[in-house]
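Here is the file upload_39.cif (mmCIF, N, CA and C atoms).
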```
data_input
loop_
_atom_site.label_atom_id
_atom_site.label_comp_id
_atom_site.auth_asym_id
_atom_site.auth_seq_id
_atom_site.Cartn_x
_atom_site.Cartn_y
_atom_site.Cartn_z
N MET X 1303 8.14 -2.47 -11.34
CA MET X 1303 7.90 -1.18 -10.75
C MET X 1303 6.55 -1.11 -10.06
N ALA X 1304 5.59 -1.88 -10.51
CA ALA X 1304 4.25 -1.82 -9.92
C ALA X 1304 4.27 -2.29 -8.48
N ALA X 1305 5.15 -3.23 -8.16
CA ALA X 1305 5.22 -3.74 -6.80
C ALA X 1305 5.80 -2.70 -5.84
N GLU X 1306 6.66 -1.81 -6.35
CA GLU X 1306 7.27 -0.80 -5.50
C GLU X 1306 6.31 0.30 -5.14
N THR X 1307 5.37 0.62 -6.00
CA THR X 1307 4.47 1.74 -5.76
C THR X 1307 3.22 1.36 -4.97
N GLN X 1308 3.01 0.06 -4.74
CA GLN X 1308 1.83 -0.35 -3.99
C GLN X 1308 2.02 -0.04 -2.51
N THR X 1309 0.95 0.44 -1.90
CA THR X 1309 0.97 0.68 -0.47
C THR X 1309 0.22 -0.44 0.23
N VAL X 1310 0.66 -0.74 1.43
CA VAL X 1310 0.03 -1.82 2.19
C VAL X 1310 -1.18 -1.25 2.91
N VAL X 1311 -2.35 -1.79 2.62
CA VAL X 1311 -3.59 -1.35 3.24
C VAL X 1311 -4.03 -2.44 4.21
N SER X 1312 -4.17 -2.06 5.47
CA SER X 1312 -4.56 -3.02 6.48
C SER X 1312 -6.04 -3.34 6.36
N LYS X 1313 -6.37 -4.63 6.35
CA LYS X 1313 -7.76 -5.04 6.27
C LYS X 1313 -8.32 -5.36 7.64
N LYS X 1314 -7.56 -5.06 8.68
CA LYS X 1314 -8.01 -5.31 10.03
C LYS X 1314 -8.98 -4.22 10.47
N ASN X 1315 -9.91 -4.59 11.30
CA ASN X 1315 -10.90 -3.65 11.80
C ASN X 1315 -10.23 -2.66 12.75
N GLU X 1316 -10.61 -1.39 12.65
CA GLU X 1316 -10.05 -0.34 13.50
C GLU X 1316 -11.17 0.38 14.22
N LYS X 1317 -10.89 0.83 15.43
CA LYS X 1317 -11.84 1.63 16.19
C LYS X 1317 -11.10 2.72 16.92
N ILE X 1318 -11.78 3.85 17.12
CA ILE X 1318 -11.21 4.97 17.86
C ILE X 1318 -12.09 5.21 19.08
N GLY X 1319 -11.46 5.29 20.24
CA GLY X 1319 -12.22 5.47 21.47
C GLY X 1319 -11.37 6.08 22.56
N GLN X 1320 -11.98 6.19 23.74
CA GLN X 1320 -11.33 6.82 24.88
C GLN X 1320 -10.99 5.76 25.92
N VAL X 1321 -9.81 5.88 26.52
CA VAL X 1321 -9.37 4.94 27.54
C VAL X 1321 -10.12 5.24 28.83
N VAL X 1322 -10.85 4.24 29.34
CA VAL X 1322 -11.60 4.42 30.59
C VAL X 1322 -10.94 3.69 31.75
N SER X 1323 -9.98 2.80 31.47
CA SER X 1323 -9.24 2.12 32.53
C SER X 1323 -7.88 1.71 32.00
N ALA X 1324 -6.86 1.98 32.82
CA ALA X 1324 -5.49 1.57 32.47
C ALA X 1324 -4.81 1.00 33.70
N ARG X 1325 -5.57 0.35 34.57
CA ARG X 1325 -5.03 -0.15 35.83
C ARG X 1325 -4.37 -1.52 35.69
N MET X 1326 -4.73 -2.29 34.67
CA MET X 1326 -4.16 -3.62 34.51
C MET X 1326 -2.80 -3.54 33.81
N GLN X 1327 -1.99 -4.57 34.00
CA GLN X 1327 -0.70 -4.61 33.33
C GLN X 1327 -0.91 -5.01 31.87
N LYS X 1328 -0.37 -4.19 30.95
CA LYS X 1328 -0.41 -4.43 29.51
C LYS X 1328 -1.83 -4.51 28.94
N THR X 1329 -2.81 -3.98 29.65
CA THR X 1329 -4.19 -4.00 29.17
C THR X 1329 -4.84 -2.66 29.43
N ILE X 1330 -5.59 -2.18 28.43
CA ILE X 1330 -6.40 -0.97 28.60
C ILE X 1330 -7.83 -1.30 28.22
N VAL X 1331 -8.76 -0.55 28.78
CA VAL X 1331 -10.16 -0.68 28.42
C VAL X 1331 -10.54 0.58 27.65
N VAL X 1332 -11.01 0.39 26.41
CA VAL X 1332 -11.33 1.51 25.53
C VAL X 1332 -12.83 1.52 25.30
N GLU X 1333 -13.45 2.69 25.53
CA GLU X 1333 -14.87 2.84 25.30
C GLU X 1333 -15.08 3.53 23.95
N VAL X 1334 -15.79 2.86 23.06
CA VAL X 1334 -16.05 3.39 21.72
C VAL X 1334 -17.52 3.83 21.67
N SER X 1335 -17.75 5.08 21.32
CA SER X 1335 -19.11 5.62 21.22
C SER X 1335 -19.48 5.80 19.76
N ARG X 1336 -20.74 5.52 19.44
CA ARG X 1336 -21.24 5.77 18.09
C ARG X 1336 -22.67 6.26 18.19
N ARG X 1337 -23.04 7.11 17.24
CA ARG X 1337 -24.38 7.69 17.23
C ARG X 1337 -25.18 7.07 16.09
N VAL X 1338 -26.28 6.43 16.43
CA VAL X 1338 -27.10 5.73 15.45
C VAL X 1338 -28.55 6.13 15.64
N PRO X 1339 -29.35 6.12 14.57
CA PRO X 1339 -30.78 6.42 14.73
C PRO X 1339 -31.51 5.22 15.34
N HIS X 1340 -32.45 5.49 16.22
CA HIS X 1340 -33.27 4.44 16.82
C HIS X 1340 -34.11 3.81 15.72
N PRO X 1341 -34.23 2.47 15.67
CA PRO X 1341 -34.93 1.83 14.56
C PRO X 1341 -36.40 2.21 14.45
N LEU X 1342 -37.07 2.46 15.56
CA LEU X 1342 -38.49 2.78 15.52
C LEU X 1342 -38.75 4.28 15.56
N TYR X 1343 -38.09 4.98 16.50
CA TYR X 1343 -38.39 6.39 16.73
C TYR X 1343 -37.52 7.35 15.94
N LYS X 1344 -36.47 6.86 15.27
CA LYS X 1344 -35.58 7.66 14.41
C LYS X 1344 -34.84 8.77 15.15
N ARG X 1345 -34.82 8.71 16.44
CA ARG X 1345 -34.06 9.69 17.22
C ARG X 1345 -32.61 9.21 17.31
N ILE X 1346 -31.66 10.14 17.28
CA ILE X 1346 -30.24 9.79 17.36
C ILE X 1346 -29.92 9.36 18.80
N VAL X 1347 -29.38 8.16 18.92
CA VAL X 1347 -29.04 7.59 20.22
C VAL X 1347 -27.55 7.30 20.24
N THR X 1348 -26.90 7.58 21.37
CA THR X 1348 -25.49 7.27 21.53
C THR X 1348 -25.34 5.89 22.13
N LYS X 1349 -24.64 5.01 21.42
CA LYS X 1349 -24.37 3.66 21.91
C LYS X 1349 -22.89 3.57 22.25
N ARG X 1350 -22.59 2.88 23.35
CA ARG X 1350 -21.21 2.74 23.80
C ARG X 1350 -20.89 1.28 24.02
N LYS X 1351 -19.65 0.93 23.74
CA LYS X 1351 -19.18 -0.43 23.98
C LYS X 1351 -17.74 -0.38 24.44
N LYS X 1352 -17.39 -1.27 25.36
CA LYS X 1352 -16.03 -1.33 25.89
C LYS X 1352 -15.27 -2.48 25.25
N PHE X 1353 -14.02 -2.20 24.89
CA PHE X 1353 -13.13 -3.19 24.30
C PHE X 1353 -11.87 -3.27 25.14
N TYR X 1354 -11.41 -4.49 25.40
CA TYR X 1354 -10.15 -4.70 26.09
C TYR X 1354 -9.05 -4.80 25.03
N ALA X 1355 -7.99 -4.00 25.20
CA ALA X 1355 -6.93 -3.95 24.21
C ALA X 1355 -5.57 -4.18 24.87
N HIS X 1356 -4.67 -4.80 24.11
CA HIS X 1356 -3.32 -5.09 24.59
C HIS X 1356 -2.44 -3.86 24.38
N ASP X 1357 -1.78 -3.43 25.45
CA ASP X 1357 -0.87 -2.27 25.42
C ASP X 1357 0.47 -2.74 25.97
N GLU X 1358 1.35 -3.19 25.08
CA GLU X 1358 2.61 -3.82 25.50
C GLU X 1358 3.49 -2.89 26.32
N GLU X 1359 3.68 -1.65 25.87
CA GLU X 1359 4.58 -0.73 26.56
C GLU X 1359 3.91 0.05 27.67
N GLY X 1360 2.59 0.02 27.76
CA GLY X 1360 1.88 0.79 28.78
C GLY X 1360 1.87 2.27 28.49
N THR X 1361 1.76 2.66 27.22
CA THR X 1361 1.84 4.07 26.84
C THR X 1361 0.53 4.82 27.04
N ALA X 1362 -0.59 4.13 26.94
CA ALA X 1362 -1.89 4.81 27.06
C ALA X 1362 -2.25 5.02 28.52
N ARG X 1363 -2.86 6.17 28.79
CA ARG X 1363 -3.29 6.49 30.15
C ARG X 1363 -4.78 6.81 30.15
N LEU X 1364 -5.34 6.92 31.33
CA LEU X 1364 -6.75 7.21 31.49
C LEU X 1364 -7.11 8.52 30.80
N GLY X 1365 -8.15 8.51 29.97
CA GLY X 1365 -8.61 9.73 29.31
C GLY X 1365 -8.04 9.96 27.93
N ASP X 1366 -7.04 9.19 27.51
CA ASP X 1366 -6.44 9.36 26.19
C ASP X 1366 -7.40 8.87 25.11
N VAL X 1367 -7.33 9.49 23.93
CA VAL X 1367 -8.06 9.01 22.76
C VAL X 1367 -7.10 8.17 21.94
N VAL X 1368 -7.49 6.91 21.69
CA VAL X 1368 -6.58 5.95 21.06
C VAL X 1368 -7.24 5.26 19.88
N ARG X 1369 -6.39 4.68 19.02
CA ARG X 1369 -6.86 3.84 17.91
C ARG X 1369 -6.46 2.41 18.23
N ILE X 1370 -7.42 1.49 18.16
CA ILE X 1370 -7.15 0.09 18.40
C ILE X 1370 -7.46 -0.70 17.14
N ILE X 1371 -6.70 -1.79 16.93
CA ILE X 1371 -6.92 -2.63 15.75
C ILE X 1371 -7.16 -4.06 16.21
N GLU X 1372 -7.87 -4.79 15.38
CA GLU X 1372 -8.18 -6.18 15.65
C GLU X 1372 -6.90 -7.01 15.63
N SER X 1373 -6.82 -7.99 16.51
CA SER X 1373 -5.62 -8.83 16.56
C SER X 1373 -5.98 -10.22 17.03
N ARG X 1374 -4.96 -11.03 17.22
CA ARG X 1374 -5.19 -12.39 17.70
C ARG X 1374 -5.70 -12.32 19.13
N PRO X 1375 -6.37 -13.36 19.59
CA PRO X 1375 -6.84 -13.37 20.98
C PRO X 1375 -5.67 -13.43 21.97
N TYR X 1376 -5.60 -12.46 22.86
CA TYR X 1376 -4.58 -12.46 23.91
C TYR X 1376 -5.09 -13.14 25.16
N SER X 1377 -6.41 -13.09 25.39
CA SER X 1377 -7.03 -13.73 26.54
C SER X 1377 -8.50 -13.92 26.22
N ARG X 1378 -9.29 -14.24 27.24
CA ARG X 1378 -10.72 -14.49 27.02
C ARG X 1378 -11.44 -13.24 26.52
N LEU X 1379 -11.02 -12.06 26.99
CA LEU X 1379 -11.69 -10.81 26.60
C LEU X 1379 -10.87 -9.95 25.64
N LYS X 1380 -9.55 -10.13 25.62
CA LYS X 1380 -8.68 -9.25 24.83
C LYS X 1380 -8.53 -9.75 23.41
N ARG X 1381 -9.11 -9.00 22.45
CA ARG X 1381 -8.99 -9.33 21.03
C ARG X 1381 -8.56 -8.11 20.21
N TRP X 1382 -8.08 -7.07 20.87
CA TRP X 1382 -7.67 -5.83 20.22
C TRP X 1382 -6.28 -5.45 20.68
N GLN X 1383 -5.61 -4.61 19.90
CA GLN X 1383 -4.26 -4.17 20.21
C GLN X 1383 -4.19 -2.66 19.99
N LEU X 1384 -3.45 -1.98 20.85
CA LEU X 1384 -3.27 -0.54 20.73
C LEU X 1384 -2.43 -0.24 19.50
N ALA X 1385 -2.95 0.59 18.59
CA ALA X 1385 -2.20 0.98 17.40
C ALA X 1385 -1.45 2.28 17.65
N GLU X 1386 -2.15 3.30 18.19
CA GLU X 1386 -1.49 4.57 18.47
C GLU X 1386 -2.34 5.39 19.43
N VAL X 1387 -1.67 6.31 20.10
CA VAL X 1387 -2.36 7.28 20.95
C VAL X 1387 -2.59 8.51 20.09
N ILE X 1388 -3.85 8.83 19.84
CA ILE X 1388 -4.17 9.96 18.97
C ILE X 1388 -4.04 11.28 19.72
N ARG X 1389 -4.64 11.33 20.91
CA ARG X 1389 -4.61 12.59 21.68
C ARG X 1389 -4.47 12.25 23.16
N ARG X 1390 -3.58 12.94 23.84
CA ARG X 1390 -3.38 12.76 25.27
C ARG X 1390 -4.44 13.54 26.04
N ARG X 1391 -4.72 13.06 27.24
CA ARG X 1391 -5.66 13.76 28.10
C ARG X 1391 -5.02 15.06 28.55
N SER X 1392 -5.79 16.13 28.55
CA SER X 1392 -5.25 17.40 29.00
C SER X 1392 -5.33 17.44 30.52
N VAL X 1393 -4.19 17.74 31.14
CA VAL X 1393 -4.09 17.77 32.59
C VAL X 1393 -3.89 19.21 33.02
N VAL X 1394 -4.79 19.66 33.89
CA VAL X 1394 -4.68 21.01 34.43
C VAL X 1394 -4.17 20.89 35.85
N ALA X 1395 -2.97 21.40 36.09
CA ALA X 1395 -2.38 21.31 37.42
C ALA X 1395 -2.77 22.52 38.24
N THR X 1396 -3.24 22.27 39.46
CA THR X 1396 -3.57 23.36 40.37
C THR X 1396 -2.76 23.19 41.64
N GLN X 1397 -2.36 24.29 42.19
CA GLN X 1397 -1.64 24.30 43.44
C GLN X 1397 -2.64 24.39 44.59
N PRO X 1398 -2.32 23.79 45.73
CA PRO X 1398 -3.26 23.87 46.85
C PRO X 1398 -3.56 25.30 47.30
N LYS X 1399 -2.60 26.21 47.14
CA LYS X 1399 -2.84 27.60 47.55
C LYS X 1399 -3.81 28.31 46.59
N ASP X 1400 -3.95 27.78 45.35
CA ASP X 1400 -4.85 28.40 44.39
C ASP X 1400 -6.30 28.00 44.62
N LEU X 1401 -6.55 27.02 45.43
CA LEU X 1401 -7.91 26.55 45.65
C LEU X 1401 -8.68 27.41 46.64
N ASP X 1402 -8.00 28.27 47.39
CA ASP X 1402 -8.63 29.16 48.38
C ASP X 1402 -9.46 28.39 49.39
N VAL X 1403 -8.91 27.32 49.90
CA VAL X 1403 -9.59 26.53 50.91
C VAL X 1403 -9.19 27.07 52.27
N GLN X 1404 -10.18 27.36 53.09
CA GLN X 1404 -9.91 27.89 54.42
C GLN X 1404 -10.00 26.76 55.42
N ALA X 1405 -8.94 26.56 56.16
CA ALA X 1405 -8.93 25.46 57.12
C ALA X 1405 -9.29 25.92 58.52
#
```
Any chance you could give the structure as structure tokens?
Amino acid sequence: MAAETQTVVSKKNEKIGQVVSARMQKTIVVEVSRRVPHPLYKRIVTKRKKFYAHDEEGTARLGDVVRIIESRPYSRLKRWQLAEVIRRRSVVATQPKDLDVQA
């Protein structure tokens, strides 16, 4: 019975970030931001890093917040895989007549 109640906990590294590029086939670029204190001045500084992640189905789009997990190397730069799309980018549609542009 003990084997049935155990849950599988992934030991792979996970990161949450925003998609900054989705132009390549099956690849997205995710920017992960973190806030850390400066070692000397103790001021909070925002550090950002970009990770290339494999997106097999092409579900992630520009501006989405996604979770990526560590995986086998897919290429020279791709070492991450898309786990899930947490939040979609909000798109506000405007009609050209609503812009009040005078030609």
Discussion item. Suppose a student applies the PyMOL selection byres (((chain X and resi 1346-1361 and name CA) around 8) and name CA) to this structure; what residues should they get, written as a PyMOL selection string?
Written reply: chain X and resi 1327-1340+1344-1345+1362-1363+1370+1376+1379-1384+1387
Worksheet item: Which parts of chain X does DSSP call helix (DSSP H, G or I) when run on the backbone here, written out as a PyMOL selection string?
Response: chain X and resi 1304-1307+1398-1401
Selection: 9 Å around Asn1315 in chain X, only C-alpha atoms, excl. self and same-chain fewer than 4 positions, as a PDB file with N, CA and C atoms, in the frame of the given file:
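The resulting selection-v2.pdb:
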```pdb
ATOM      1  N   ILE X1370      -7.420   1.490  18.160  1.00  0.00           N
ATOM      2  CA  ILE X1370      -7.150   0.090  18.400  1.00  0.00           C
ATOM      3  C   ILE X1370      -7.460  -0.700  17.140  1.00  0.00           C
ATOM      4  N   ILE X1371      -6.700  -1.790  16.930  1.00  0.00           N
ATOM      5  CA  ILE X1371      -6.920  -2.630  15.750  1.00  0.00           C
ATOM      6  C   ILE X1371      -7.160  -4.060  16.210  1.00  0.00           C
ATOM      7  N   GLU X1372      -7.870  -4.790  15.380  1.00  0.00           N
ATOM      8  CA  GLU X1372      -8.180  -6.180  15.650  1.00  0.00           C
ATOM      9  C   GLU X1372      -6.900  -7.010  15.630  1.00  0.00           C
ATOM     10  N   SER X1373      -6.820  -7.990  16.510  1.00  0.00           N
ATOM     11  CA  SER X1373      -5.620  -8.830  16.560  1.00  0.00           C
ATOM     12  C   SER X1373      -5.980 -10.220  17.030  1.00  0.00           C
TER      13      SER X1373
END
```
Discussion item. Please report the interatomic distance between atom C of Lys1313 in chain X and atom C of Pro1341 in chain X in Å with one decimal.
Written reply: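 Atom C of Pro1341 in chain X lies 29.9 Å from atom C of Lys1313 in chain X.
Among the candidates X:Tyr1343, X:Val1310, X:Ala1324, X:Gly1319, the one nearest to Asp1366 in chain X when counting all atoms listed in the file is X:Gly1319.
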Worksheet entry | Interatomic distance, atom N of Lys1317 in chain X to atom N of Arg1374 in chain X (Å, one decimal) |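 Straight-line distance from atom N of Lys1317 in chain X to atom N of Arg1374 in chain X works out to 13.4 Å.
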Discussion item. Which of range 1349-1400 of chain X end up as strand (DSSP E) when DSSP is run on this backbone - answer as JSON, numbers by chain?
Written reply: {"X": [1349, 1350, 1351, 1352, 1353, 1354, 1355, 1356, 1367, 1368, 1369, 1370, 1371, 1372, 1380, 1381, 1382, 1383, 1384, 1385, 1386, 1387, 1388, 1389]}
For the residues in that selection, give me N, CA and C atoms as a PDB file, keeping the file's coordinate frame.
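Output file out25.pdb is given in full below:
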```pdb
ATOM      1  N   LYS X1349     -24.640   5.010  21.420  1.00  0.00           N
ATOM      2  CA  LYS X1349     -24.370   3.660  21.910  1.00  0.00           C
ATOM      3  C   LYS X1349     -22.890   3.570  22.250  1.00  0.00           C
ATOM      4  N   ARG X1350     -22.590   2.880  23.350  1.00  0.00           N
ATOM      5  CA  ARG X1350     -21.210   2.740  23.800  1.00  0.00           C
ATOM      6  C   ARG X1350     -20.890   1.280  24.020  1.00  0.00           C
ATOM      7  N   LYS X1351     -19.650   0.930  23.740  1.00  0.00           N
ATOM      8  CA  LYS X1351     -19.180  -0.430  23.980  1.00  0.00           C
ATOM      9  C   LYS X1351     -17.740  -0.380  24.440  1.00  0.00           C
ATOM     10  N   LYS X1352     -17.390  -1.270  25.360  1.00  0.00           N
ATOM     11  CA  LYS X1352     -16.030  -1.330  25.890  1.00  0.00           C
ATOM     12  C   LYS X1352     -15.270  -2.480  25.250  1.00  0.00           C
ATOM     13  N   PHE X1353     -14.020  -2.200  24.890  1.00  0.00           N
ATOM     14  CA  PHE X1353     -13.130  -3.190  24.300  1.00  0.00           C
ATOM     15  C   PHE X1353     -11.870  -3.270  25.140  1.00  0.00           C
ATOM     16  N   TYR X1354     -11.410  -4.490  25.400  1.00  0.00           N
ATOM     17  CA  TYR X1354     -10.150  -4.700  26.090  1.00  0.00           C
ATOM     18  C   TYR X1354      -9.050  -4.800  25.030  1.00  0.00           C
ATOM     19  N   ALA X1355      -7.990  -4.000  25.200  1.00  0.00           N
ATOM     20  CA  ALA X1355      -6.930  -3.950  24.210  1.00  0.00           C
ATOM     21  C   ALA X1355      -5.570  -4.180  24.870  1.00  0.00           C
ATOM     22  N   HIS X1356      -4.670  -4.800  24.110  1.00  0.00           N
ATOM     23  CA  HIS X1356      -3.320  -5.090  24.590  1.00  0.00           C
ATOM     24  C   HIS X1356      -2.440  -3.860  24.380  1.00  0.00           C
ATOM     25  N   VAL X1367      -7.330   9.490  23.930  1.00  0.00           N
ATOM     26  CA  VAL X1367      -8.060   9.010  22.760  1.00  0.00           C
ATOM     27  C   VAL X1367      -7.100   8.170  21.940  1.00  0.00           C
ATOM     28  N   VAL X1368      -7.490   6.910  21.690  1.00  0.00           N
ATOM     29  CA  VAL X1368      -6.580   5.950  21.060  1.00  0.00           C
ATOM     30  C   VAL X1368      -7.240   5.260  19.880  1.00  0.00           C
ATOM     31  N   ARG X1369      -6.390   4.680  19.020  1.00  0.00           N
ATOM     32  CA  ARG X1369      -6.860   3.840  17.910  1.00  0.00           C
ATOM     33  C   ARG X1369      -6.460   2.410  18.230  1.00  0.00           C
ATOM     34  N   ILE X1370      -7.420   1.490  18.160  1.00  0.00           N
ATOM     35  CA  ILE X1370      -7.150   0.090  18.400  1.00  0.00           C
ATOM     36  C   ILE X1370      -7.460  -0.700  17.140  1.00  0.00           C
ATOM     37  N   ILE X1371      -6.700  -1.790  16.930  1.00  0.00           N
ATOM     38  CA  ILE X1371      -6.920  -2.630  15.750  1.00  0.00           C
ATOM     39  C   ILE X1371      -7.160  -4.060  16.210  1.00  0.00           C
ATOM     40  N   GLU X1372      -7.870  -4.790  15.380  1.00  0.00           N
ATOM     41  CA  GLU X1372      -8.180  -6.180  15.650  1.00  0.00           C
ATOM     42  C   GLU X1372      -6.900  -7.010  15.630  1.00  0.00           C
ATOM     43  N   LYS X1380      -9.550 -10.130  25.620  1.00  0.00           N
ATOM     44  CA  LYS X1380      -8.680  -9.250  24.830  1.00  0.00           C
ATOM     45  C   LYS X1380      -8.530  -9.750  23.410  1.00  0.00           C
ATOM     46  N   ARG X1381      -9.110  -9.000  22.450  1.00  0.00           N
ATOM     47  CA  ARG X1381      -8.990  -9.330  21.030  1.00  0.00           C
ATOM     48  C   ARG X1381      -8.560  -8.110  20.210  1.00  0.00           C
ATOM     49  N   TRP X1382      -8.080  -7.070  20.870  1.00  0.00           N
ATOM     50  CA  TRP X1382      -7.670  -5.830  20.220  1.00  0.00           C
ATOM     51  C   TRP X1382      -6.280  -5.450  20.680  1.00  0.00           C
ATOM     52  N   GLN X1383      -5.610  -4.610  19.900  1.00  0.00           N
ATOM     53  CA  GLN X1383      -4.260  -4.170  20.210  1.00  0.00           C
ATOM     54  C   GLN X1383      -4.190  -2.660  19.990  1.00  0.00           C
ATOM     55  N   LEU X1384      -3.450  -1.980  20.850  1.00  0.00           N
ATOM     56  CA  LEU X1384      -3.270  -0.540  20.730  1.00  0.00           C
ATOM     57  C   LEU X1384      -2.430  -0.240  19.500  1.00  0.00           C
ATOM     58  N   ALA X1385      -2.950   0.590  18.590  1.00  0.00           N
ATOM     59  CA  ALA X1385      -2.200   0.980  17.400  1.00  0.00           C
ATOM     60  C   ALA X1385      -1.450   2.280  17.650  1.00  0.00           C
ATOM     61  N   GLU X1386      -2.150   3.300  18.190  1.00  0.00           N
ATOM     62  CA  GLU X1386      -1.490   4.570  18.470  1.00  0.00           C
ATOM     63  C   GLU X1386      -2.340   5.390  19.430  1.00  0.00           C
ATOM     64  N   VAL X1387      -1.670   6.310  20.100  1.00  0.00           N
ATOM     65  CA  VAL X1387      -2.360   7.280  20.950  1.00  0.00           C
ATOM     66  C   VAL X1387      -2.590   8.510  20.090  1.00  0.00           C
ATOM     67  N   ILE X1388      -3.850   8.830  19.840  1.00  0.00           N
ATOM     68  CA  ILE X1388      -4.170   9.960  18.970  1.00  0.00           C
ATOM     69  C   ILE X1388      -4.040  11.280  19.720  1.00  0.00           C
ATOM     70  N   ARG X1389      -4.640  11.330  20.910  1.00  0.00           N
ATOM     71  CA  ARG X1389      -4.610  12.590  21.680  1.00  0.00           C
ATOM     72  C   ARG X1389      -4.470  12.250  23.160  1.00  0.00           C
TER      73      ARG X1389
END
```
Worksheet entry | Distance of atom C of Val1367 in chain X from atom N of Val1321 in chain X, expressed in Å to one decimal place | 5.8 Å
